[in-house]
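Participant: Input file: upload36.tsv. Contents: TSV, C-alpha atoms.
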chain	number	residue	atom	x	y	z
A	199	MET	CA	22.97	-4.96	4.81
A	200	ILE	CA	21.24	-4.02	1.62
A	201	GLY	CA	17.72	-3.59	0.30
A	202	ASN	CA	15.81	-2.08	-2.57
A	203	ASP	CA	12.29	-1.70	-3.88
A	204	ILE	CA	10.72	-0.62	-7.13
A	205	ILE	CA	7.28	0.76	-7.91
A	206	ASP	CA	5.92	0.50	-11.45
A	207	ILE	CA	3.88	3.71	-11.56
A	208	ALA	CA	1.39	2.60	-14.25
A	209	TYR	CA	0.89	-0.80	-12.62
A	210	THR	CA	0.41	0.73	-9.17
A	211	LYS	CA	-2.26	3.07	-10.54
A	212	LYS	CA	-4.09	0.00	-11.85
A	213	THR	CA	-3.74	-2.26	-8.81
A	214	THR	CA	-3.71	-0.13	-5.66
A	215	ASP	CA	-6.07	2.62	-4.62
A	216	TRP	CA	-4.07	4.50	-1.99
A	217	GLN	CA	-6.99	6.92	-1.61
A	218	ARG	CA	-9.37	4.23	-0.35
A	219	ARG	CA	-10.65	4.84	3.14
A	220	GLY	CA	-8.23	3.68	5.82
A	221	PHE	CA	-5.27	2.92	3.54
A	222	LEU	CA	-2.98	5.79	4.53
A	223	LYS	CA	-3.75	5.34	8.21
A	224	LYS	CA	-2.85	1.64	8.07
A	225	VAL	CA	0.49	2.28	6.41
A	226	PHE	CA	1.76	5.66	7.56
A	227	SER	CA	2.35	7.48	10.84
A	228	ASP	CA	0.82	10.91	11.45
A	229	ALA	CA	4.15	12.54	10.52
A	230	GLU	CA	4.31	10.56	7.26
A	231	GLN	CA	0.69	11.43	6.46
A	232	ASP	CA	1.64	15.10	6.93
A	233	ILE	CA	4.43	14.69	4.36
A	234	ILE	CA	1.86	13.25	1.93
A	235	SER	CA	-0.78	15.91	2.49
A	236	GLU	CA	1.80	18.68	2.06
A	237	ALA	CA	3.33	17.17	-1.09
A	238	LYS	CA	2.65	18.70	-4.51
A	239	ASP	CA	2.33	15.19	-5.92
A	240	ALA	CA	0.65	13.05	-3.27
A	241	PHE	CA	0.87	9.87	-5.35
A	242	ALA	CA	4.65	10.24	-5.70
A	243	ALA	CA	5.01	10.96	-1.98
A	244	VAL	CA	2.95	7.91	-0.99
A	245	TRP	CA	4.96	5.53	-3.13
A	246	ARG	CA	8.31	7.08	-2.34
A	247	LEU	CA	7.62	6.53	1.38
A	248	TRP	CA	6.27	3.05	0.69
A	249	SER	CA	9.31	1.99	-1.36
A	250	MET	CA	11.65	3.35	1.34
A	251	LYS	CA	9.83	1.21	3.90
A	252	GLU	CA	10.15	-1.87	1.71
A	253	ALA	CA	13.86	-1.32	1.00
A	254	ALA	CA	14.59	-0.77	4.70
A	255	TYR	CA	12.57	-3.86	5.63
A	256	LYS	CA	14.70	-6.05	3.35
A	257	SER	CA	17.86	-4.74	4.95
A	258	TYR	CA	16.33	-5.32	8.39
A	259	LEU	CA	15.57	-8.96	7.51
A	260	GLN	CA	19.17	-9.47	6.35
A	261	LYS	CA	20.34	-8.20	9.71
A	262	GLY	CA	18.30	-10.96	11.31
A	263	GLY	CA	15.17	-8.98	12.07
A	264	LEU	CA	11.96	-10.96	12.45
A	265	PRO	CA	9.39	-10.75	9.64
A	266	PHE	CA	6.27	-8.64	10.19
A	267	ASN	CA	3.44	-7.33	7.99
A	268	SER	CA	2.61	-3.93	9.35
A	269	PRO	CA	4.27	-1.14	7.32
A	270	ALA	CA	3.38	1.37	10.05
A	271	ARG	CA	6.11	-0.15	12.21
A	272	ILE	CA	8.72	1.33	9.86
A	273	ALA	CA	9.22	5.06	10.52
A	274	ILE	CA	10.51	7.17	7.62
A	275	LYS	CA	12.19	10.56	7.75
A	276	LEU	CA	13.03	12.57	4.63
A	277	THR	CA	16.18	14.65	4.38
A	278	ASP	CA	15.58	16.13	0.91
A	279	THR	CA	14.03	15.06	-2.40
A	280	THR	CA	16.44	12.11	-2.71
A	281	PHE	CA	17.70	11.06	0.72
A	282	GLY	CA	16.09	9.91	3.92
A	283	SER	CA	16.14	7.23	6.60
A	284	ALA	CA	14.08	4.50	8.22
A	285	GLU	CA	13.79	3.20	11.76
A	286	ILE	CA	12.36	-0.15	12.85
A	287	GLY	CA	12.70	-0.18	16.62
A	288	GLU	CA	16.47	-0.02	17.22
A	289	PHE	CA	17.27	-0.67	13.57
A	290	TYR	CA	18.36	2.38	11.55
A	291	GLN	CA	18.88	2.58	7.79
A	292	GLU	CA	19.78	5.43	5.44
A	293	LEU	CA	18.08	5.39	2.08
A	294	ARG	CA	17.94	7.08	-1.30
A	295	THR	CA	15.12	7.25	-3.83
A	296	ASP	CA	15.29	7.75	-7.60
A	297	GLN	CA	12.09	9.01	-9.19
A	298	ALA	CA	11.79	8.41	-12.93
A	299	ASP	CA	8.84	9.07	-15.24
A	300	ASP	CA	7.56	5.50	-15.02
A	301	TYR	CA	9.04	4.12	-11.81
A	302	ILE	CA	10.09	5.00	-8.26
A	303	ALA	CA	13.05	3.05	-6.84
A	304	SER	CA	14.45	3.18	-3.32
A	305	TYR	CA	17.76	1.77	-2.14
A	306	THR	CA	19.65	1.41	1.11
A	307	GLN	CA	22.68	3.67	1.23
A	308	PRO	CA	25.95	1.68	1.45
A	309	PRO	CA	28.56	2.18	4.18
A	310	ALA	CA	31.03	4.90	3.11
A	311	GLU	CA	33.83	2.43	2.24
A	312	LEU	CA	31.69	0.31	-0.08
A	313	LYS	CA	30.33	0.87	-3.54
A	314	GLN	CA	26.77	-0.22	-4.26
A	315	VAL	CA	25.58	-1.13	-7.74
A	316	ASN	CA	21.88	-0.38	-8.33
A	317	GLN	CA	20.37	-1.40	-11.67
A	318	VAL	CA	16.80	-1.02	-12.92
A	319	PHE	CA	15.78	-3.08	-15.94
A	320	ASN	CA	12.70	-3.94	-17.98
A	321	LEU	CA	11.13	-7.36	-17.58
A	322	SER	CA	10.06	-9.14	-20.75
A	323	LYS	CA	6.50	-9.37	-19.40
A	324	ASN	CA	4.44	-8.49	-16.35
A	325	ASP	CA	3.73	-12.08	-15.34
A	326	PRO	CA	3.89	-13.27	-11.72
A	327	ALA	CA	4.88	-16.74	-12.93
A	328	THR	CA	8.13	-15.52	-14.52
A	329	GLN	CA	9.03	-12.14	-12.95
A	330	SER	CA	10.87	-13.52	-9.97
A	331	ALA	CA	12.95	-16.02	-11.97
A	332	GLU	CA	13.74	-13.42	-14.62
A	333	THR	CA	14.90	-10.94	-11.98
A	334	ARG	CA	17.21	-13.57	-10.45
A	335	LYS	CA	18.57	-14.41	-13.89
A	336	VAL	CA	19.43	-10.80	-14.73
A	337	LEU	CA	21.29	-10.42	-11.43
A	338	ILE	CA	23.14	-13.72	-11.88
A	339	GLN	CA	24.26	-12.68	-15.37
A	340	ARG	CA	25.62	-9.41	-14.00
A	341	LEU	CA	27.42	-11.05	-11.06
A	342	ALA	CA	28.91	-13.72	-13.34
A	343	GLN	CA	30.26	-10.96	-15.55
A	344	ASP	CA	31.59	-8.69	-12.78
A	345	TYR	CA	33.16	-11.42	-10.66
A	346	HIS	CA	34.27	-13.70	-13.53
A	347	LEU	CA	32.15	-16.59	-12.33
A	348	GLU	CA	30.46	-19.31	-14.34
A	349	GLU	CA	26.83	-18.26	-14.84
A	350	LYS	CA	25.63	-21.87	-14.84
A	351	GLU	CA	27.18	-22.42	-11.40
A	352	LEU	CA	25.38	-19.48	-9.78
A	353	SER	CA	21.99	-19.82	-8.16
A	354	ILE	CA	19.83	-17.80	-5.81
A	355	SER	CA	17.81	-19.62	-3.19
A	356	LYS	CA	14.47	-18.29	-2.06
A	357	ASN	CA	13.83	-18.45	1.67
A	358	LEU	CA	10.69	-16.39	1.84
A	359	PRO	CA	9.80	-14.52	3.93
A	360	GLY	CA	13.52	-14.25	4.79
A	361	PRO	CA	16.21	-12.80	2.50
A	362	PRO	CA	17.48	-14.80	-0.52
A	363	GLU	CA	20.99	-16.30	-0.66
A	364	LEU	CA	23.53	-16.61	-3.46
A	365	TYR	CA	25.35	-19.88	-4.19
A	366	LEU	CA	28.26	-20.92	-6.41
A	367	GLY	CA	27.57	-24.61	-6.77
A	368	LYS	CA	26.97	-25.62	-3.16
A	369	GLN	CA	29.08	-22.83	-1.69
A	370	LYS	CA	27.26	-19.83	-0.24
A	371	LEU	CA	28.76	-16.55	-1.45
A	372	LYS	CA	29.12	-13.52	0.77
A	373	ILE	CA	28.05	-10.93	-1.79
A	374	ALA	CA	25.32	-8.75	-0.25
A	375	PHE	CA	22.50	-8.26	-2.73
A	376	SER	CA	18.82	-7.42	-3.01
A	377	MET	CA	16.21	-7.81	-5.75
A	378	SER	CA	12.72	-6.51	-6.38
A	379	HIS	CA	10.24	-6.58	-9.20
A	380	HIS	CA	6.95	-4.85	-9.78
A	381	GLY	CA	4.89	-4.63	-12.94
A	382	VAL	CA	7.26	-4.42	-15.90
A	383	PHE	CA	10.32	-3.42	-13.86
A	384	GLY	CA	12.99	-5.34	-12.05
A	385	VAL	CA	15.83	-3.96	-9.95
A	386	PHE	CA	18.89	-5.42	-8.33
A	387	SER	CA	21.50	-4.00	-5.94
A	388	PHE	CA	24.74	-5.48	-4.71
A	389	LEU	CA	27.71	-4.30	-2.66
A	390	ASP	CA	30.97	-4.33	-4.57
B	282	MET	CA	-20.77	-26.35	6.22
B	283	THR	CA	-18.98	-25.94	9.55
B	284	GLU	CA	-18.26	-22.52	10.96
B	285	LYS	CA	-14.61	-22.98	10.02
B	286	GLU	CA	-15.40	-23.93	6.44
B	287	ALA	CA	-17.69	-20.93	6.16
B	288	LEU	CA	-14.94	-18.61	7.40
B	289	ILE	CA	-12.41	-20.05	4.92
B	290	ALA	CA	-14.95	-19.55	2.12
B	291	GLU	CA	-15.46	-15.91	3.14
B	292	LEU	CA	-11.72	-15.34	3.38
B	293	ARG	CA	-11.29	-16.83	-0.11
B	294	GLU	CA	-13.65	-14.19	-1.48
B	295	ILE	CA	-11.72	-11.40	0.27
B	296	ILE	CA	-8.29	-12.44	-1.00
B	297	LYS	CA	-9.37	-13.54	-4.50
B	298	PRO	CA	-8.91	-10.15	-6.25
B	299	TYR	CA	-5.30	-9.86	-5.04
B	300	VAL	CA	-3.99	-13.36	-5.74
B	301	GLN	CA	-1.08	-13.63	-8.20
B	302	ASP	CA	-0.68	-17.41	-8.12
B	303	GLN	CA	-3.98	-18.94	-9.20
B	304	GLU	CA	-2.81	-22.52	-8.79
B	305	ALA	CA	-1.93	-21.95	-5.15
B	306	PHE	CA	-5.30	-20.22	-4.74
B	307	GLU	CA	-7.16	-23.23	-6.12
B	308	ASN	CA	-5.36	-25.46	-3.62
B	309	LEU	CA	-5.95	-23.02	-0.76
B	310	SER	CA	-5.81	-24.55	2.71
B	311	GLU	CA	-5.31	-23.27	6.25
B	312	GLU	CA	-1.54	-23.47	5.70
B	313	THR	CA	-1.57	-21.26	2.58
B	314	HIS	CA	0.73	-18.24	3.09
B	315	PHE	CA	-0.43	-14.94	1.58
B	316	ILE	CA	2.97	-13.77	0.35
B	317	THR	CA	5.04	-16.90	-0.23
B	318	ASP	CA	2.24	-19.05	-1.71
B	319	LEU	CA	-0.33	-16.68	-3.19
B	320	LYS	CA	2.35	-14.09	-4.18
B	321	ILE	CA	0.14	-11.28	-2.94
B	322	ASN	CA	2.10	-8.02	-3.02
B	323	SER	CA	2.52	-6.08	0.20
B	324	ALA	CA	0.32	-3.16	-0.88
B	325	ASN	CA	-2.52	-5.59	-1.57
B	326	LEU	CA	-1.98	-7.18	1.84
B	327	VAL	CA	-3.07	-3.81	3.23
B	328	ASP	CA	-6.17	-4.05	0.99
B	329	ILE	CA	-6.94	-7.48	2.42
B	330	ILE	CA	-6.70	-6.10	5.96
B	331	LEU	CA	-9.02	-3.20	5.06
B	332	ASP	CA	-11.49	-5.48	3.24
B	333	THR	CA	-11.53	-7.81	6.25
B	334	GLU	CA	-12.20	-4.88	8.59
B	335	ASP	CA	-15.07	-3.73	6.37
B	336	LYS	CA	-16.64	-7.16	5.99
B	337	TYR	CA	-16.67	-8.03	9.70
B	338	ASN	CA	-16.87	-4.49	11.06
B	339	ILE	CA	-13.76	-5.05	13.19
B	340	GLU	CA	-10.53	-3.13	13.64
B	341	ILE	CA	-7.28	-4.94	12.95
B	342	ASP	CA	-4.44	-3.23	14.79
B	343	ASN	CA	-0.78	-3.44	13.75
B	344	GLU	CA	-0.10	-6.29	16.14
B	345	SER	CA	-2.91	-8.38	14.66
B	346	MET	CA	-1.86	-7.45	11.14
B	347	ASP	CA	1.60	-8.83	11.88
B	348	LYS	CA	0.02	-12.16	12.79
B	349	MET	CA	-1.99	-12.39	9.56
B	350	SER	CA	0.51	-14.18	7.34
B	351	ASP	CA	-1.51	-17.19	6.31
B	352	VAL	CA	-5.12	-18.37	6.11
B	353	LYS	CA	-5.02	-19.98	9.54
B	354	SER	CA	-3.65	-16.95	11.39
B	355	ALA	CA	-6.07	-14.66	9.54
B	356	MET	CA	-8.98	-16.82	10.66
B	357	GLU	CA	-7.74	-16.68	14.25
B	358	VAL	CA	-7.49	-12.89	14.19
B	359	ILE	CA	-11.01	-12.58	12.75
B	360	LYS	CA	-12.44	-14.98	15.33
B	361	ASP	CA	-10.69	-13.18	18.21
B	362	LYS	CA	-11.85	-9.75	17.04
B	363	LEU	CA	-15.43	-10.95	16.57
B	364	ALA	CA	-15.40	-12.55	20.01
B	365	ALA	CA	-14.06	-9.32	21.56
B	366	LYS	CA	-16.89	-7.42	19.90
B	367	GLY	CA	-19.38	-9.74	21.55
Take the structure in this file and express it as structure tokens.
Facilitator:
Amino acid sequence: MIGNDIIDIAYTKKTTDWQRRGFLKKVFSDAEQDIISEAKDAFAAVWRLWSMKEAAYKSYLQKGGLPFNSPARIAIKLTDTTFGSAEIGEFYQELRTDQADDYIASYTQPPAELKQVNQVFNLSKNDPATQSAETRKVLIQRLAQDYHLEEKELSISKNLPGPPELYLGKQKLKIAFSMSHHGVFGVFSFLD
Amino acid sequence: MTEKEALIAELREIIKPYVQDQEAFENLSEETHFITDLKINSANLVDIILDTEDKYNIEIDNESMDKMSDVKSAMEVIKDKLAAKG
């Protein structure tokens, strides 16, 4: 199971006011709100926790979990400035977060025996009409290269709100992957 | 305008600022899904919940939030909460 999420910092500042009344309470538990109020950089703490929830949720869906909307149902614990974990009921997921100057990206941690590729990239434009297709294309190009597959034969189906699936022609491939995009950033992860 | 049409019109105003797919928004119906059709991002879904709470002076708990995936289910939650308020 695999999941990721990316936060475009500049775009988030423009589109979401996390300080509006009621926002933190809707999204975060009391323990998570304590982490935020004790953080030196509250903005970074909010969106680190948020991206961890999103990445864990994608992994949870891949494991067959039922879709839901309420982020408060995902409980986050932090281990240090990079690592942490999420719980959704019985579901447990270890996570890592990379904080750059202009983005925050969270990823599920792979099982010890597997290697996970995580790649952040710039989208050509911040346009909801093209972002999703462009993100799929970048991942397909990378998979075609790494696995010596014909790029034209590869496609990714969207089954929103469930997880996407990868196909070679009509054959479903068993490569575990995840994609996200936000603002001018895209990110993909796959298990090698 | 029926009560239902009025509620859809009010909901349209609430979700308008957060819509990413304008074409889907113009064709909005009861079946329109917030995330898959309107491409509303999950942070803005929280905004929609908060805006709905403010407009109708209701509280939408996590369980109700989980139901609010499309226009129809959102209308049902609003109606239920208003009825409970009396």
Participant: Can you tell me, as a ChimeraX atom specification, which residues sit within 8 Å of (5.1, 5.4, -17.4) in the file's frame, using all atoms listed in the file?
Facilitator: /A:206-208,299-301
Participant: Identify which of the residues B:Leu309, B:Leu319, B:Ala324, B:Ile296 lies closest to chain A, counting only C-alpha atoms when measuring atom-to-atom distances.
Facilitator: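 Smallest separation from chain A among the options: B:Ala324.
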Participant: Residues of chain A within 9 Å of chain B, using all atoms listed in the file, as a count of residues only?
Facilitator: 25
Participant: For a cutoff of 10 Å around the file-coordinate point (30.5, -12.3, -4.4), which residues qualify once you count only C-alpha atoms? I'd like the result as a list of chain:residue names.
Facilitator: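 Selection result: A:Leu341, A:Ala342, A:Asp344, A:Tyr345, A:His346, A:Leu347, A:Leu364, A:Tyr365, A:Leu366, A:Lys370, A:Leu371, A:Lys372, A:Ile373, A:Ala374, A:Phe375, A:Phe388, A:Leu389, A:Asp390.
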Participant: The selected residues should be written to file as a PDB file, in the coordinates of the input (atoms: C-alpha atoms).
Facilitator:
ATOM      1  CA  LEU A 341      27.420 -11.050 -11.060  1.00  0.00           C
ATOM      2  CA  ALA A 342      28.910 -13.720 -13.340  1.00  0.00           C
ATOM      3  CA  ASP A 344      31.590  -8.690 -12.780  1.00  0.00           C
ATOM      4  CA  TYR A 345      33.160 -11.420 -10.660  1.00  0.00           C
ATOM      5  CA  HIS A 346      34.270 -13.700 -13.530  1.00  0.00           C
ATOM      6  CA  LEU A 347      32.150 -16.590 -12.330  1.00  0.00           C
ATOM      7  CA  LEU A 364      23.530 -16.610  -3.460  1.00  0.00           C
ATOM      8  CA  TYR A 365      25.350 -19.880  -4.190  1.00  0.00           C
ATOM      9  CA  LEU A 366      28.260 -20.920  -6.410  1.00  0.00           C
ATOM     10  CA  LYS A 370      27.260 -19.830  -0.240  1.00  0.00           C
ATOM     11  CA  LEU A 371      28.760 -16.550  -1.450  1.00  0.00           C
ATOM     12  CA  LYS A 372      29.120 -13.520   0.770  1.00  0.00           C
ATOM     13  CA  ILE A 373      28.050 -10.930  -1.790  1.00  0.00           C
ATOM     14  CA  ALA A 374      25.320  -8.750  -0.250  1.00  0.00           C
ATOM     15  CA  PHE A 375      22.500  -8.260  -2.730  1.00  0.00           C
ATOM     16  CA  PHE A 388      24.740  -5.480  -4.710  1.00  0.00           C
ATOM     17  CA  LEU A 389      27.710  -4.300  -2.660  1.00  0.00           C
ATOM     18  CA  ASP A 390      30.970  -4.330  -4.570  1.00  0.00           C
TER      19      ASP A 390
END
Participant: Quick one: pull the distance between atom CA of A:Gln329 and atom CA of A:Ser353, Å, one decimal.
Facilitator: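 Pair atom CA of A:Gln329 / atom CA of A:Ser353 returns 15.8 Å.
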Participant: Taking only C-alpha atoms into account, name the residue in A:Val382, A:Ala254, A:Ile234, A:Ile302 that is nearest to A:Tyr209.
Facilitator: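 Of the candidates, the smallest distance to A:Tyr209 is held by A:Val382.
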Participant: In Å, with one decimal, what is the gap from atom CA of B:Ile329 to atom CA of A:Ile286?
Facilitator: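 Spanning atom CA of B:Ile329 to atom CA of A:Ile286 is a straight-line distance of 23.1 Å.
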Participant: Quick check, in Å to one decimal: how far apart do atom CA of A:Phe281 and atom CA of A:Leu293 lie?
Facilitator: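 These two atoms are separated by 5.8 Å.
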Participant: Show which residues sit within 9 Å of A:Ser330, as a VMD selection string. Count only C-alpha atoms, and ignore same-chain residues fewer than 6 positions away.
Facilitator: chain A and resid 377 to 379 384
Participant: Near A:Asn316, counting only C-alpha atoms, which residues have an atom at most 9 Å away, once you skip same-chain residues fewer than 2 positions from it, shown as a list of chain:residue names?
Facilitator: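 In the requested form, the answer reads A:Asn202, A:Tyr305, A:Gln314, A:Val318, A:Val385, A:Phe386, A:Ser387, A:Phe388.
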Participant: Could you turn the residues from that selection into a file that holds C-alpha atoms, as a tab-separated table (two decimals), in the coordinates of the input?
Facilitator:
chain	number	residue	atom	x	y	z
A	202	ASN	CA	15.81	-2.08	-2.57
A	305	TYR	CA	17.76	1.77	-2.14
A	314	GLN	CA	26.77	-0.22	-4.26
A	318	VAL	CA	16.80	-1.02	-12.92
A	385	VAL	CA	15.83	-3.96	-9.95
A	386	PHE	CA	18.89	-5.42	-8.33
A	387	SER	CA	21.50	-4.00	-5.94
A	388	PHE	CA	24.74	-5.48	-4.71
Participant: Name the closest residue to B:Glu307 among the candidates B:Ala290, B:Ile339, B:Ala364, B:Met282; distances are taken between atoms, counting all atoms listed in the file.
Facilitator: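 So, comparing all the options, the nearest one is B:Ala290.
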Participant: In terms of the shortest atom-to-atom distance over only C-alpha atoms, which of B:Asp332, B:Asp351, B:Asp361, B:Glu340 is closest to B:Glu291?
Facilitator: B:Asp332
